[in-house]
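As stored in coords-v9.pdb (PDB, C-alpha atoms):
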ATOM      1  CA  ARG U   1      -5.941  -2.018  -0.069  1.00  0.00           C
ATOM      2  CA  GLN U   2      -4.801  -0.316   3.151  1.00  0.00           C
ATOM      3  CA  VAL U   3      -1.878  -2.734   3.392  1.00  0.00           C
ATOM      4  CA  ARG U   4      -0.906  -1.966  -0.215  1.00  0.00           C
ATOM      5  CA  GLU U   5      -1.052   1.787   0.430  1.00  0.00           C
ATOM      6  CA  ALA U   6       1.078   1.398   3.564  1.00  0.00           C
ATOM      7  CA  VAL U   7       3.655  -0.605   1.603  1.00  0.00           C
ATOM      8  CA  ASP U   8       3.683   2.006  -1.160  1.00  0.00           C
ATOM      9  CA  ARG U   9       4.235   4.814   1.363  1.00  0.00           C
ATOM     10  CA  HIS U  10       7.045   2.836   2.989  1.00  0.00           C
ATOM     11  CA  ASP U  11       8.653   2.262  -0.430  1.00  0.00           C
ATOM     12  CA  ASP U  12       8.408   5.991  -1.188  1.00  0.00           C
ATOM     13  CA  VAL U  13      10.090   6.891   2.107  1.00  0.00           C
ATOM     14  CA  VAL U  14      12.867   4.349   1.562  1.00  0.00           C
ATOM     15  CA  ALA U  15      13.450   5.640  -1.973  1.00  0.00           C
ATOM     16  CA  GLU U  16      13.627   9.229  -0.749  1.00  0.00           C
ATOM     17  CA  LEU U  17      16.086   8.323   2.017  1.00  0.00           C
ATOM     18  CA  ASP U  18      18.250   6.452  -0.479  1.00  0.00           C
ATOM     19  CA  THR U  19      18.252   9.535  -2.702  1.00  0.00           C
ATOM     20  CA  LEU U  20      19.256  11.792   0.189  1.00  0.00           C
ATOM     21  CA  ARG U  21      22.026   9.426   1.284  1.00  0.00           C
ATOM     22  CA  GLY U  22      23.359   9.520  -2.237  1.00  0.00           C
ATOM     23  CA  LEU U  23      23.317  13.325  -2.387  1.00  0.00           C
ATOM     24  CA  LYS U  24      26.700  14.301  -3.801  1.00  0.00           C
ATOM     25  CA  ARG U  25      26.222  17.932  -4.706  1.00  0.00           C
ATOM     26  CA  GLY U  26      23.831  20.723  -3.938  1.00  0.00           C
ATOM     27  CA  ARG U  27      23.462  24.179  -2.484  1.00  0.00           C
ATOM     28  CA  VAL U  28      21.310  25.503   0.322  1.00  0.00           C
ATOM     29  CA  ARG U  29      20.903  29.192   1.191  1.00  0.00           C
ATOM     30  CA  LEU U  30      20.538  30.085   4.844  1.00  0.00           C
ATOM     31  CA  ALA U  31      19.673  33.329   6.620  1.00  0.00           C
ATOM     32  CA  THR U  32      20.208  33.481  10.362  1.00  0.00           C
ATOM     33  CA  VAL U  33      20.128  35.851  13.303  1.00  0.00           C
ATOM     34  CA  GLU U  34      23.380  36.499  15.160  1.00  0.00           C
ATOM     35  CA  SER U  35      22.566  34.504  18.296  1.00  0.00           C
ATOM     36  CA  ILE U  36      21.995  31.271  16.370  1.00  0.00           C
ATOM     37  CA  ALA U  37      25.014  31.964  14.146  1.00  0.00           C
ATOM     38  CA  ALA U  38      27.293  32.250  17.189  1.00  0.00           C
ATOM     39  CA  GLU U  39      27.298  28.581  18.240  1.00  0.00           C
ATOM     40  CA  ARG U  40      24.241  26.509  17.354  1.00  0.00           C
ATOM     41  CA  LEU U  41      24.424  26.852  13.581  1.00  0.00           C
ATOM     42  CA  PRO U  42      28.183  26.180  13.224  1.00  0.00           C
ATOM     43  CA  ARG U  43      27.838  22.964  15.235  1.00  0.00           C
ATOM     44  CA  LEU U  44      24.842  21.924  13.139  1.00  0.00           C
ATOM     45  CA  LEU U  45      26.637  22.583   9.842  1.00  0.00           C
ATOM     46  CA  ALA U  46      29.784  20.750  10.983  1.00  0.00           C
ATOM     47  CA  GLY U  47      27.740  17.572  11.383  1.00  0.00           C
ATOM     48  CA  PHE U  48      25.749  18.166   8.201  1.00  0.00           C
ATOM     49  CA  TRP U  49      28.871  18.674   6.085  1.00  0.00           C
ATOM     50  CA  GLN U  50      30.389  15.508   7.509  1.00  0.00           C
ATOM     51  CA  ARG U  51      27.399  13.578   6.183  1.00  0.00           C
ATOM     52  CA  TYR U  52      27.001  15.592   2.953  1.00  0.00           C
ATOM     53  CA  PRO U  53      30.459  16.995   2.109  1.00  0.00           C
ATOM     54  CA  GLY U  54      29.414  18.014  -1.398  1.00  0.00           C
ATOM     55  CA  VAL U  55      26.666  20.424  -0.303  1.00  0.00           C
ATOM     56  CA  GLU U  56      27.632  24.090  -0.477  1.00  0.00           C
ATOM     57  CA  THR U  57      25.987  26.507   1.963  1.00  0.00           C
ATOM     58  CA  GLY U  58      25.342  30.197   1.432  1.00  0.00           C
ATOM     59  CA  LEU U  59      25.107  32.086   4.724  1.00  0.00           C
ATOM     60  CA  VAL U  60      23.706  35.523   5.558  1.00  0.00           C
ATOM     61  CA  VAL U  61      23.563  36.946   9.099  1.00  0.00           C
ATOM     62  CA  ALA U  62      20.795  39.512   9.578  1.00  0.00           C
ATOM     63  CA  GLY U  63      18.153  40.760  11.974  1.00  0.00           C
ATOM     64  CA  ALA U  64      15.008  38.717  12.558  1.00  0.00           C
ATOM     65  CA  GLU U  65      12.828  40.809  10.221  1.00  0.00           C
ATOM     66  CA  GLU U  66      15.437  40.634   7.458  1.00  0.00           C
ATOM     67  CA  VAL U  67      15.718  36.864   7.865  1.00  0.00           C
ATOM     68  CA  PHE U  68      11.950  36.640   7.422  1.00  0.00           C
ATOM     69  CA  ARG U  69      12.102  38.884   4.335  1.00  0.00           C
ATOM     70  CA  LEU U  70      14.917  36.869   2.732  1.00  0.00           C
ATOM     71  CA  VAL U  71      12.965  33.633   3.085  1.00  0.00           C
ATOM     72  CA  GLU U  72       9.729  35.250   1.950  1.00  0.00           C
ATOM     73  CA  SER U  73      11.392  36.659  -1.195  1.00  0.00           C
ATOM     74  CA  ASN U  74      13.083  33.318  -2.008  1.00  0.00           C
ATOM     75  CA  ALA U  75      16.549  34.772  -1.392  1.00  0.00           C
ATOM     76  CA  ALA U  76      17.044  32.114   1.304  1.00  0.00           C
ATOM     77  CA  ASP U  77      15.798  28.527   1.482  1.00  0.00           C
ATOM     78  CA  LEU U  78      15.702  28.390   5.281  1.00  0.00           C
ATOM     79  CA  GLY U  79      15.648  31.052   7.983  1.00  0.00           C
ATOM     80  CA  PHE U  80      16.960  30.607  11.520  1.00  0.00           C
ATOM     81  CA  THR U  81      15.328  33.227  13.667  1.00  0.00           C
ATOM     82  CA  PHE U  82      13.637  34.191  16.915  1.00  0.00           C
ATOM     83  CA  SER U  83      10.047  35.368  17.022  1.00  0.00           C
ATOM     84  CA  THR U  84       7.369  36.282  19.551  1.00  0.00           C
ATOM     85  CA  ARG U  85       4.524  36.086  17.024  1.00  0.00           C
ATOM     86  CA  PRO U  86       3.123  33.825  14.292  1.00  0.00           C
ATOM     87  CA  LEU U  87       4.959  34.070  10.955  1.00  0.00           C
ATOM     88  CA  PRO U  88       2.389  34.282   8.129  1.00  0.00           C
ATOM     89  CA  GLY U  89       3.366  32.590   4.884  1.00  0.00           C
ATOM     90  CA  MET U  90       6.055  30.545   6.628  1.00  0.00           C
ATOM     91  CA  ARG U  91       6.273  26.808   7.275  1.00  0.00           C
ATOM     92  CA  VAL U  92       7.943  26.191  10.635  1.00  0.00           C
ATOM     93  CA  VAL U  93      10.230  23.175  10.270  1.00  0.00           C
ATOM     94  CA  HIS U  94      11.667  23.422  13.788  1.00  0.00           C
ATOM     95  CA  HIS U  95      10.436  25.232  16.899  1.00  0.00           C
ATOM     96  CA  GLU U  96      11.950  25.729  20.362  1.00  0.00           C
ATOM     97  CA  PRO U  97      10.640  27.929  23.217  1.00  0.00           C
ATOM     98  CA  HIS U  98      13.365  29.794  25.093  1.00  0.00           C
ATOM     99  CA  ALA U  99      13.177  31.719  28.342  1.00  0.00           C
ATOM    100  CA  LEU U 100      14.448  35.284  28.539  1.00  0.00           C
ATOM    101  CA  GLY U 101      17.025  36.031  31.208  1.00  0.00           C
ATOM    102  CA  ALA U 102      19.307  38.678  32.618  1.00  0.00           C
ATOM    103  CA  VAL U 103      22.974  38.292  31.658  1.00  0.00           C
ATOM    104  CA  LEU U 104      25.281  39.397  34.458  1.00  0.00           C
ATOM    105  CA  PRO U 105      28.951  39.451  35.431  1.00  0.00           C
ATOM    106  CA  PRO U 106      29.690  36.216  37.324  1.00  0.00           C
ATOM    107  CA  ASP U 107      30.522  38.120  40.536  1.00  0.00           C
ATOM    108  CA  HIS U 108      27.299  40.158  40.515  1.00  0.00           C
ATOM    109  CA  ARG U 109      25.207  40.013  43.693  1.00  0.00           C
ATOM    110  CA  LEU U 110      22.338  38.363  41.750  1.00  0.00           C
ATOM    111  CA  ALA U 111      24.427  35.949  39.680  1.00  0.00           C
ATOM    112  CA  ALA U 112      23.549  32.974  41.895  1.00  0.00           C
ATOM    113  CA  ALA U 113      19.823  33.753  42.064  1.00  0.00           C
ATOM    114  CA  THR U 114      17.354  31.300  40.526  1.00  0.00           C
ATOM    115  CA  GLU U 115      15.279  34.126  39.033  1.00  0.00           C
ATOM    116  CA  VAL U 116      15.001  37.919  39.017  1.00  0.00           C
ATOM    117  CA  ARG U 117      12.476  40.560  38.055  1.00  0.00           C
ATOM    118  CA  LEU U 118      13.130  43.861  36.331  1.00  0.00           C
ATOM    119  CA  ASP U 119      12.371  45.732  39.543  1.00  0.00           C
ATOM    120  CA  ASP U 120      15.278  43.854  41.191  1.00  0.00           C
ATOM    121  CA  LEU U 121      17.585  45.570  38.685  1.00  0.00           C
ATOM    122  CA  ALA U 122      16.627  49.173  39.495  1.00  0.00           C
ATOM    123  CA  GLY U 123      19.761  51.323  39.655  1.00  0.00           C
ATOM    124  CA  GLU U 124      21.844  48.813  37.701  1.00  0.00           C
ATOM    125  CA  PRO U 125      23.346  49.812  34.314  1.00  0.00           C
ATOM    126  CA  LEU U 126      21.211  48.036  31.733  1.00  0.00           C
ATOM    127  CA  VAL U 127      21.810  47.225  28.067  1.00  0.00           C
ATOM    128  CA  LEU U 128      18.436  46.705  26.408  1.00  0.00           C
ATOM    129  CA  PRO U 129      17.873  44.817  23.161  1.00  0.00           C
ATOM    130  CA  ALA U 130      17.297  47.300  20.359  1.00  0.00           C
ATOM    131  CA  ARG U 131      13.776  47.985  19.142  1.00  0.00           C
ATOM    132  CA  GLY U 132      12.871  45.657  16.291  1.00  0.00           C
ATOM    133  CA  LEU U 133      14.505  42.608  17.886  1.00  0.00           C
ATOM    134  CA  SER U 134      12.312  39.761  19.113  1.00  0.00           C
ATOM    135  CA  LEU U 135      14.106  40.045  22.468  1.00  0.00           C
ATOM    136  CA  ARG U 136      12.872  43.612  22.816  1.00  0.00           C
ATOM    137  CA  ALA U 137       9.337  42.618  21.820  1.00  0.00           C
ATOM    138  CA  ALA U 138       9.405  39.884  24.481  1.00  0.00           C
ATOM    139  CA  LEU U 139      10.694  42.314  27.110  1.00  0.00           C
ATOM    140  CA  GLU U 140       8.566  45.367  26.247  1.00  0.00           C
ATOM    141  CA  PRO U 141       5.386  44.518  28.246  1.00  0.00           C
ATOM    142  CA  ALA U 142       7.443  43.961  31.394  1.00  0.00           C
ATOM    143  CA  LEU U 143       9.376  47.203  30.811  1.00  0.00           C
ATOM    144  CA  ALA U 144       6.116  49.117  30.500  1.00  0.00           C
ATOM    145  CA  ARG U 145       4.809  47.682  33.790  1.00  0.00           C
ATOM    146  CA  SER U 146       7.998  48.067  35.826  1.00  0.00           C
ATOM    147  CA  ARG U 147       7.241  50.065  38.964  1.00  0.00           C
ATOM    148  CA  ARG U 148      10.793  51.305  39.514  1.00  0.00           C
ATOM    149  CA  ALA U 149      13.012  53.588  37.448  1.00  0.00           C
ATOM    150  CA  LEU U 150      15.479  51.620  35.343  1.00  0.00           C
ATOM    151  CA  THR U 151      18.899  52.926  34.305  1.00  0.00           C
ATOM    152  CA  VAL U 152      19.340  52.268  30.587  1.00  0.00           C
ATOM    153  CA  ARG U 153      22.940  52.806  29.527  1.00  0.00           C
ATOM    154  CA  ALA U 154      22.606  51.474  25.982  1.00  0.00           C
ATOM    155  CA  GLU U 155      20.416  49.728  23.436  1.00  0.00           C
ATOM    156  CA  SER U 156      22.138  47.162  21.236  1.00  0.00           C
ATOM    157  CA  ASP U 157      21.167  45.015  18.261  1.00  0.00           C
ATOM    158  CA  SER U 158      24.282  42.851  18.710  1.00  0.00           C
ATOM    159  CA  LEU U 159      24.523  39.846  21.011  1.00  0.00           C
ATOM    160  CA  ARG U 160      28.327  39.984  20.958  1.00  0.00           C
ATOM    161  CA  LEU U 161      28.420  43.675  21.870  1.00  0.00           C
ATOM    162  CA  THR U 162      25.915  43.176  24.684  1.00  0.00           C
ATOM    163  CA  ALA U 163      27.940  40.271  26.086  1.00  0.00           C
ATOM    164  CA  ALA U 164      31.137  42.340  25.845  1.00  0.00           C
ATOM    165  CA  LEU U 165      29.507  45.222  27.753  1.00  0.00           C
ATOM    166  CA  VAL U 166      28.447  42.815  30.501  1.00  0.00           C
ATOM    167  CA  ARG U 167      32.002  41.464  30.760  1.00  0.00           C
ATOM    168  CA  THR U 168      33.911  44.756  30.574  1.00  0.00           C
ATOM    169  CA  ALA U 169      31.519  47.436  31.861  1.00  0.00           C
ATOM    170  CA  ALA U 170      29.662  45.436  34.542  1.00  0.00           C
ATOM    171  CA  ALA U 171      26.400  46.097  32.725  1.00  0.00           C
ATOM    172  CA  ILE U 172      23.369  43.789  32.639  1.00  0.00           C
ATOM    173  CA  GLY U 173      21.966  42.545  29.347  1.00  0.00           C
ATOM    174  CA  PHE U 174      18.884  40.572  28.364  1.00  0.00           C
ATOM    175  CA  MET U 175      18.817  37.515  26.109  1.00  0.00           C
ATOM    176  CA  THR U 176      18.144  33.809  25.946  1.00  0.00           C
ATOM    177  CA  ARG U 177      20.959  31.319  26.507  1.00  0.00           C
ATOM    178  CA  VAL U 178      21.319  30.819  22.756  1.00  0.00           C
ATOM    179  CA  GLY U 179      24.588  32.284  21.496  1.00  0.00           C
ATOM    180  CA  ILE U 180      26.291  32.585  24.885  1.00  0.00           C
ATOM    181  CA  GLU U 181      26.523  28.884  25.751  1.00  0.00           C
ATOM    182  CA  ARG U 182      30.321  28.907  25.796  1.00  0.00           C
ATOM    183  CA  ASP U 183      30.480  32.013  28.024  1.00  0.00           C
ATOM    184  CA  LEU U 184      28.080  30.406  30.481  1.00  0.00           C
ATOM    185  CA  ALA U 185      29.959  27.096  30.508  1.00  0.00           C
ATOM    186  CA  SER U 186      33.282  28.862  31.133  1.00  0.00           C
ATOM    187  CA  GLY U 187      31.850  31.060  33.888  1.00  0.00           C
ATOM    188  CA  ASP U 188      32.611  34.298  32.030  1.00  0.00           C
ATOM    189  CA  LEU U 189      28.932  35.261  32.185  1.00  0.00           C
ATOM    190  CA  ALA U 190      25.985  34.363  34.396  1.00  0.00           C
ATOM    191  CA  TRP U 191      22.380  33.982  33.186  1.00  0.00           C
ATOM    192  CA  VAL U 192      19.351  34.266  35.489  1.00  0.00           C
ATOM    193  CA  ARG U 193      15.807  33.664  34.298  1.00  0.00           C
ATOM    194  CA  LEU U 194      13.498  36.698  34.276  1.00  0.00           C
ATOM    195  CA  ALA U 195      10.330  36.011  36.266  1.00  0.00           C
ATOM    196  CA  ASP U 196       8.203  39.021  35.246  1.00  0.00           C
ATOM    197  CA  PRO U 197       4.722  37.689  34.377  1.00  0.00           C
ATOM    198  CA  ASP U 198       4.269  40.074  31.437  1.00  0.00           C
ATOM    199  CA  LEU U 199       7.139  38.695  29.359  1.00  0.00           C
ATOM    200  CA  LEU U 200       6.162  37.386  25.939  1.00  0.00           C
ATOM    201  CA  PRO U 201       7.469  33.926  24.974  1.00  0.00           C
ATOM    202  CA  ASP U 202      10.416  33.998  22.577  1.00  0.00           C
ATOM    203  CA  HIS U 203      10.837  31.116  20.149  1.00  0.00           C
ATOM    204  CA  LEU U 204      13.708  29.834  18.055  1.00  0.00           C
ATOM    205  CA  ASP U 205      12.152  28.951  14.694  1.00  0.00           C
ATOM    206  CA  VAL U 206      13.587  27.453  11.536  1.00  0.00           C
ATOM    207  CA  VAL U 207      11.294  28.501   8.699  1.00  0.00           C
ATOM    208  CA  ALA U 208      10.777  27.931   4.992  1.00  0.00           C
ATOM    209  CA  ARG U 209       8.315  29.469   2.554  1.00  0.00           C
ATOM    210  CA  GLU U 210       4.931  27.838   3.024  1.00  0.00           C
ATOM    211  CA  ARG U 211       4.452  26.573  -0.533  1.00  0.00           C
ATOM    212  CA  ALA U 212       8.080  26.208  -1.585  1.00  0.00           C
ATOM    213  CA  VAL U 213       9.227  22.875  -3.002  1.00  0.00           C
ATOM    214  CA  PRO U 214      12.585  22.212  -1.315  1.00  0.00           C
ATOM    215  CA  SER U 215      15.661  21.098  -3.193  1.00  0.00           C
ATOM    216  CA  LEU U 216      17.200  17.784  -2.188  1.00  0.00           C
ATOM    217  CA  ALA U 217      19.932  19.677  -0.320  1.00  0.00           C
ATOM    218  CA  THR U 218      17.365  21.723   1.618  1.00  0.00           C
ATOM    219  CA  ALA U 219      15.298  18.618   2.397  1.00  0.00           C
ATOM    220  CA  ALA U 220      18.414  16.855   3.636  1.00  0.00           C
ATOM    221  CA  LEU U 221      19.247  19.767   5.936  1.00  0.00           C
ATOM    222  CA  VAL U 222      15.681  19.898   7.305  1.00  0.00           C
ATOM    223  CA  ASP U 223      15.894  16.184   8.133  1.00  0.00           C
ATOM    224  CA  PHE U 224      19.277  16.722   9.779  1.00  0.00           C
ATOM    225  CA  ILE U 225      17.927  19.621  11.863  1.00  0.00           C
ATOM    226  CA  GLU U 226      15.175  17.427  13.274  1.00  0.00           C
ATOM    227  CA  GLU U 227      17.634  14.606  13.891  1.00  0.00           C
ATOM    228  CA  SER U 228      20.066  16.927  15.688  1.00  0.00           C
ATOM    229  CA  TRP U 229      17.737  19.414  17.388  1.00  0.00           C
ATOM    230  CA  GLY U 230      14.481  17.470  17.659  1.00  0.00           C
ATOM    231  CA  GLY U 231      14.884  16.741  21.355  1.00  0.00           C
ATOM    232  CA  ILE U 232      16.131  20.174  22.365  1.00  0.00           C
ATOM    233  CA  ALA U 233      13.998  22.126  24.813  1.00  0.00           C
ATOM    234  CA  ASP U 234      14.698  25.192  26.876  1.00  0.00           C
ATOM    235  CA  SER U 235      16.649  24.365  30.011  1.00  0.00           C
ATOM    236  CA  PRO U 236      15.682  25.821  33.400  1.00  0.00           C
ATOM    237  CA  GLY U 237      17.497  28.876  34.642  1.00  0.00           C
TER     238      GLY U 237
END

Written form, structure tokens:
Amino acid sequence: RQVREAVDRHDDVVAELDTLRGLKRGRVRLATVESIAAERLPRLLAGFWQRYPGVETGLVVAGAEEVFRLVESNAADLGFTFSTRPLPGMRVVHHEPHALGAVLPPDHRLAAATEVRLDDLAGEPLVLPARGLSLRAALEPALARSRRALTVRAESDSLRLTAALVRTAAAIGFMTRVGIERDLASGDLAWVRLADPDLLPDHLDVVARERAVPSLATAALVDFIEESWGGIADSPG
């Protein structure tokens, strides 16, 4: 009996894979935060469309809370977001921990350091993540415990604006590596891991509604995400 059940399960998997390979048309609705939209998601979709050229994709870029709301209300099939907390009512289909770091001009005195703490940045012009962002939630406990006065020049809810302020105004921002990979590879920006012990972990999560039955197009994308991103882990600073 156990052998028969195993064969039946194998046949079901093979049939499902054959169906997905034959997927000609479909539509999947995605909501994503800006940092994932900058580089990771375009590269993912380029490969997905090559395999499934008939699948149309609706894309919305929003803040983390709005991404969660869009998935929760069935306005999006999948959400690409960052979070420091559990997401009730969501099924996490992909999860990556990411370290928080300071983003600096490449010629900054700390750009070659292996790690820094907030107190090392006293007197420097800082651009903080805006309240409501997961980055700010991750950073907030360390900000509250900092023993030295910090110079906050701006708060920003935009990764691109923060990166531009680091490049042009010699400010220091705070983010993960996600969304600035090209700037780091080119040497336009430097990223140094924050070592404050009070930082909350920030996670890249791809989520769907907990009890939603996915369309074939959505199921195909979920499989492709695990195939493409399954081995990705946060790299050391």

Tell me, as number ranges by chain, which residues lie within 12 Å of segment 187-195 of chain U, counting only C-alpha atoms; anything in the same chain fewer than 5 positions away does not count.
U: 98-121, 138-139, 142-143, 162-168, 170-182, 200-201, 234-237

Residue by residue, what does the PyMOL selection byres ((chain U and resi 202-212) around 8) grab here? Present the result as number ranges by chain.
U: 71-72, 74, 77-84, 89-100, 134-135, 138, 200-201, 213-214

Neighbour list for segment 220-222 of chain U as number ranges by chain, cut-off 8 Å, only C-alpha atoms, skip fewer than 4 positions in-chain:
U: 20, 48, 93, 216, 226

Atom CA of Ala37 of chain U to atom CA of Asp196 of chain U: how many Å, to one decimal?
27.9 Å

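Between atom CA of Gly63 of chain U and atom CA of Ser186 of chain U lies a distance of 27.2 Å.
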
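Restricting the calculation to all atoms listed in the file, the smallest distance between Pro129 of chain U and any of U:Thr218, U:Ser158, U:Pro141, U:Ser146 is found for U:Ser158.
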
What lies within 6 Å of Arg29 of chain U using all atoms listed in the file, ignoring chain neighbours under 5 positions off, as a PDB file with C-alpha atoms, in the coordinates of the input?
ATOM      1  CA  THR U  57      25.987  26.507   1.963  1.00  0.00           C
ATOM      2  CA  GLY U  58      25.342  30.197   1.432  1.00  0.00           C
ATOM      3  CA  ALA U  76      17.044  32.114   1.304  1.00  0.00           C
ATOM      4  CA  ASP U  77      15.798  28.527   1.482  1.00  0.00           C
TER       5      ASP U  77
END

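Interatomic distance, atom CA of Glu34 of chain U against atom CA of Val60 of chain U: 9.7 Å.
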
Would you give the centre and edge lengths, in Å to one decimal, of a box along x, y and z around the listed atoms of segment 126-137 of chain U, with 8 Å added to each side, as AutoDock Vina command-line options?
--center_x 15.6 --center_y 43.9 --center_z 24.0 --size_x 28.5 --size_y 24.3 --size_z 31.4

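In this comparison, which uses all atoms listed in the file, the residue of U:Leu23, U:Arg40, U:Arg69, U:Ala185 approaching Val55 of chain U most closely is U:Leu23.
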
Report as a ChimeraX atom specification the full result of the PyMOL selection byres ((chain U and resi 152) around 8) when it is applied to this structure.
/U:125-128,150-151,153-155

Which residue out of U:Glu65, U:Glu56, U:Glu140, U:Asp223 has the minimum interatomic distance to Lys24 of chain U when all atoms listed in the file are used?
U:Glu56
